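Colleague: This structure is in structure tokens; I'll ask about it shortly.
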Amino acid sequence: MISFQPYYGDRRGEFPETPFVEEKAFTRSSRKKWIIWGLVVVGLLAVAGAVAGVVISQTSKSSSSSGSNLAITGDPSQFSKDSRLKQSFYGIAYTPEDSIYPNCNIQLADVVTDMQLLSQLTSRIRLYGSDCNTTAMVLEAIQLTQVNMTVFIANYPDATDDGVAYNRQKTAIESAIQAYGTDHIGGVTVGNEFILDYLDANGATDPNGSVGNQGAAILTPLIDDTKSMLQSLGVTLKVGNADAGSFFNDKVLADVDYGMANVHPWFANVSIDAAAGWTWDFFEDTDVALAQNLSNKPDMSIAETGGNSSDAGNESNGASTASEANLQTFIDTFVCQANANGTEYFFFEYFDEPWKTQQFGGVEGYWGLFYSNRTLKNIEIPDC
């Protein structure tokens with residue numbers, strides 16, 4: 001088997017390949033649904049900081065060398081607002097800087113800045129894993145900034161390590177919940193593209209075939225163990241799973257409270273003009289429909305969707321050019337319309353991630369609303 005480094009994002013292969021670009025025409029119902037319409041107390045901080053220091057210290061020992069810059073000056077809850085930012089996104093996908101195990105160097109000051117910015121765009125974020133103090137850092141930053149933010153925390157297991165990565169992150173999650181409680185936690189997501197990766201590693205494509213079910217037999221005990229861990233803590237939280245939109249295994253989805261589907265029109269070779277409508281149609285026809293056919297009927301959301309603004313080497317290797325203009329088009333034709341439709345989604349993503357460009361190339365590092373230095377791209381955030 002192939003051993004994977006955590007992959008926070010999508011790539012080609014999650015959708016069936018086609019020999020040509022096919023733009024799906026809007027049906028009348030699609031047009032109707034996608035019409036563009038015009039549109040955390042200072043007295044508690046010392047105690048919280050002391051508790052956080054314990055959690056961060058404990059997690060550091062199990063997550064390699066994680067830098068914890070706790071020297072934050074001033075009151076993080078008092079920060080200037082950017083008039084260009086609007087709280088228009090249902091949710092946003094977020095990976096803190098330098099939080100990819102084992103190269104942990106996540107800084108609390110950076111996460112505080114991120115919460116200050118993200119809170120001006122959304123009241124929900126999703127994480128991908130809990131290595132490098134990610135869960136504790138984010139919850140601490142929310143407490144320091146006193147922003148209205150719900151976090152879907154996560155455990156990113158590895159199918160090939162006999163549960164080492166899962167257990168390491170489970171310990172971190174457990175410690176964070178004991179320290180911070182669950183007021184700002186929306187759920188615990190176990191696995192991100194686990195079945196897709198397992199199929200890729202074993203030369204298969206059917207998530208419900210024999211190989212897919214082998215992957216499910218590895219993942220579902222981890223999901224059940226997470227439920228048991230939460231029960232032992234005396235807390236009630238939903239437990240879910242995220243995978244590529246075409247690669248949910250029925251046995252996995254039947255074992256969770258919610259499913260999060262990564263749905264990217266770019267990787268399906270859909271042009272920018274049809275991208276928003278295609279995203280909704282694909283999600284409804286593939287993922288929502290699948291969930292409704294299961295006895296537990298898990299809640300479904302779009303875990304990732306968005307637009308890329310650049311491509312290292314070839315900006316036109318998709319159905320449309322990777323550009324800020326086309327990122328703007330997707331924002332303009334998806335965000336407010338999805339809000340109006342009641343579609344739950346996490347826009348991919350908060351900021352550009354250079355490590356992805358170095359490791360994977362192509363468009364992978366350029367999906368952010370912000371550049372990697374946390375400067376807003378040349379885009380306009382809708383107000384809806």
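Letters for chains follow the order of the structure tokens (A, B, ...), residue numbers begin at 1 for each chain, and ligand numbers begin at 1 in the order shown.
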Near stretch 326-336 of chain A, within 6 Å and counting only C-alpha atoms, which residues show up once chain neighbours fewer than 6 positions away are dropped, as a ChimeraX atom specification?
Modeller: /A:276,307-309,379,384
Colleague: Residues within 8 Å of A:Leu253, please, as a list in words. Count only C-alpha atoms; anything in the same chain fewer than 3 positions from it doesn't count.
Modeller: Asn241, Phe248, Asn249, Asp250, Val256, Tyr258, Gly259, Ala291 and Pro298 of chain A
Colleague: Take the residues that were just selected and, keeping C-alpha atoms, output them as a short mmCIF file (atom, residue, chain, number, x, y, z; two decimals), in the first residue's frame.
Modeller:
data_model
loop_
_atom_site.label_atom_id
_atom_site.label_comp_id
_atom_site.auth_asym_id
_atom_site.auth_seq_id
_atom_site.Cartn_x
_atom_site.Cartn_y
_atom_site.Cartn_z
CA ASN A 241 -17.17 11.91 7.61
CA PHE A 248 -18.92 7.89 -0.28
CA ASN A 249 -19.12 4.32 0.94
CA ASP A 250 -22.62 3.37 2.05
CA VAL A 256 -22.35 8.85 10.83
CA TYR A 258 -23.41 13.88 8.82
CA GLY A 259 -21.54 13.63 5.56
CA ALA A 291 -28.07 10.04 2.12
CA PRO A 298 -27.30 11.71 7.62
#
Colleague: Go through stretch 170-189 of chain A residue by residue and, counting only C-alpha atoms, keep those with an atom at most 7 Å from stretch 234-240 of chain A; for each kept residue give the shortest atom pair and its distance in Å to one decimal, ordered by chain and increasing number, as a Markdown table.
Modeller:
| residue | atom | partner | partner_atom | distance |
| --- | --- | --- | --- | --- |
| A:Gly187 | CA | A:Lys238 | CA | 4.7 |
| A:Val188 | CA | A:Val239 | CA | 4.9 |
| A:Thr189 | CA | A:Gly240 | CA | 4.5 |
Colleague: Store the residues picked out above in a file with N, CA and C atoms, as a short mmCIF file (atom, residue, chain, number, x, y, z; two decimals), in the first residue's frame.
Modeller:
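In the end it all went to selection10.cif:
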data_model
loop_
_atom_site.label_atom_id
_atom_site.label_comp_id
_atom_site.auth_asym_id
_atom_site.auth_seq_id
_atom_site.Cartn_x
_atom_site.Cartn_y
_atom_site.Cartn_z
N GLY A 187 -19.21 19.55 15.45
CA GLY A 187 -19.14 18.12 15.22
C GLY A 187 -17.70 17.68 15.10
N VAL A 188 -17.52 16.37 15.02
CA VAL A 188 -16.19 15.79 14.85
C VAL A 188 -16.20 14.98 13.57
N THR A 189 -15.40 15.38 12.62
CA THR A 189 -15.33 14.70 11.33
C THR A 189 -14.17 13.72 11.33
#
Colleague: List the neighbours of stretch 153-160 of chain A out to 6 Å using only C-alpha atoms; skip same-chain residues closer than 3 positions along the sequence, and give me the result as a short mmCIF file (atom, residue, chain, number, x, y, z; two decimals) with C-alpha atoms, in the first residue's frame.
Modeller:
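Saved as result37.cif:
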data_model
loop_
_atom_site.label_atom_id
_atom_site.label_comp_id
_atom_site.auth_asym_id
_atom_site.auth_seq_id
_atom_site.Cartn_x
_atom_site.Cartn_y
_atom_site.Cartn_z
CA LEU A 127 -10.83 21.65 10.05
CA TYR A 128 -9.18 18.59 8.53
CA GLY A 129 -7.17 17.08 11.41
CA SER A 130 -6.02 17.63 14.99
CA ALA A 165 -2.31 8.91 13.46
CA TYR A 166 -5.91 8.40 14.56
CA GLN A 169 -5.26 13.02 17.12
CA VAL A 188 -16.19 15.79 14.85
CA THR A 189 -15.33 14.70 11.33
CA VAL A 190 -13.44 11.42 11.10
CA GLY A 191 -11.65 10.98 7.78
#
Colleague: Report as a tab-separated table the residues of stretch 123-220 of chain A within 12 Å of stretch 344-351 of chain A, each with its shortest atom pair and distance in Å (one decimal), using only C-alpha atoms, ordered by chain and increasing residue number.
Modeller:
residue	atom	partner	partner_atom	distance
A:Ser123	CA	A:Phe346	CA	10.8
A:Arg124	CA	A:Phe346	CA	8.1
A:Ile125	CA	A:Phe346	CA	7.1
A:Arg126	CA	A:Phe346	CA	7.2
A:Leu127	CA	A:Phe346	CA	10.3
A:Val151	CA	A:Phe346	CA	11.3
A:Phe152	CA	A:Phe346	CA	10.6
Colleague: Write down as number ranges by chain the residues belonging to stretch 125-327 of chain A that are assigned helix (DSSP H, G or I) by DSSP computed on the backbone.
Modeller: A: 131-145, 164-180, 194-201, 210-233, 250-253, 266-268, 272-292, 324-327
Colleague: Could you pull out all residues of stretch 50-207 of chain A with a DSSP call of strand (DSSP E) and give them as number ranges by chain?
Modeller: A: 92-93, 99-100, 103-104, 124-126, 150-155, 185-192
Colleague: Which is closer to A:Arg84 than all the others in A:Pro382, A:Pro96, A:Gly181, A:Gly361, using only C-alpha atoms?
Modeller: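 Ranked by minimum distance to A:Arg84, first place goes to A:Pro382.
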Colleague: Just to confirm, what's the straight-line distance from atom CA of A:Ala242 to atom CA of A:Phe194 in Å (one decimal)?
Modeller: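 For atom CA of A:Ala242 relative to atom CA of A:Phe194, the distance reads 8.0 Å.
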Colleague: Using only C-alpha atoms, determine which residues lie at most 12 Å from A:Leu121, disregarding the query and same-chain residues fewer than 2 positions distant; provide the list as a VMD selection string.
Modeller: chain A and resid 81 to 93 114 to 119 123 to 125 147 to 149 335 346 to 347 349 to 350 369 to 370 376 380 to 384
Colleague: Give me, please, the distance in Å between atom CA of A:Ser310 and atom CA of A:Val112, quoted to one decimal.
Modeller: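 Straight-line distance from atom CA of A:Ser310 to atom CA of A:Val112 works out to 27.2 Å.
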Colleague: Report, in Å to a single decimal, how far apart atom CA of A:Val263 and atom CA of A:Cys132 are.
Modeller: 27.1 Å
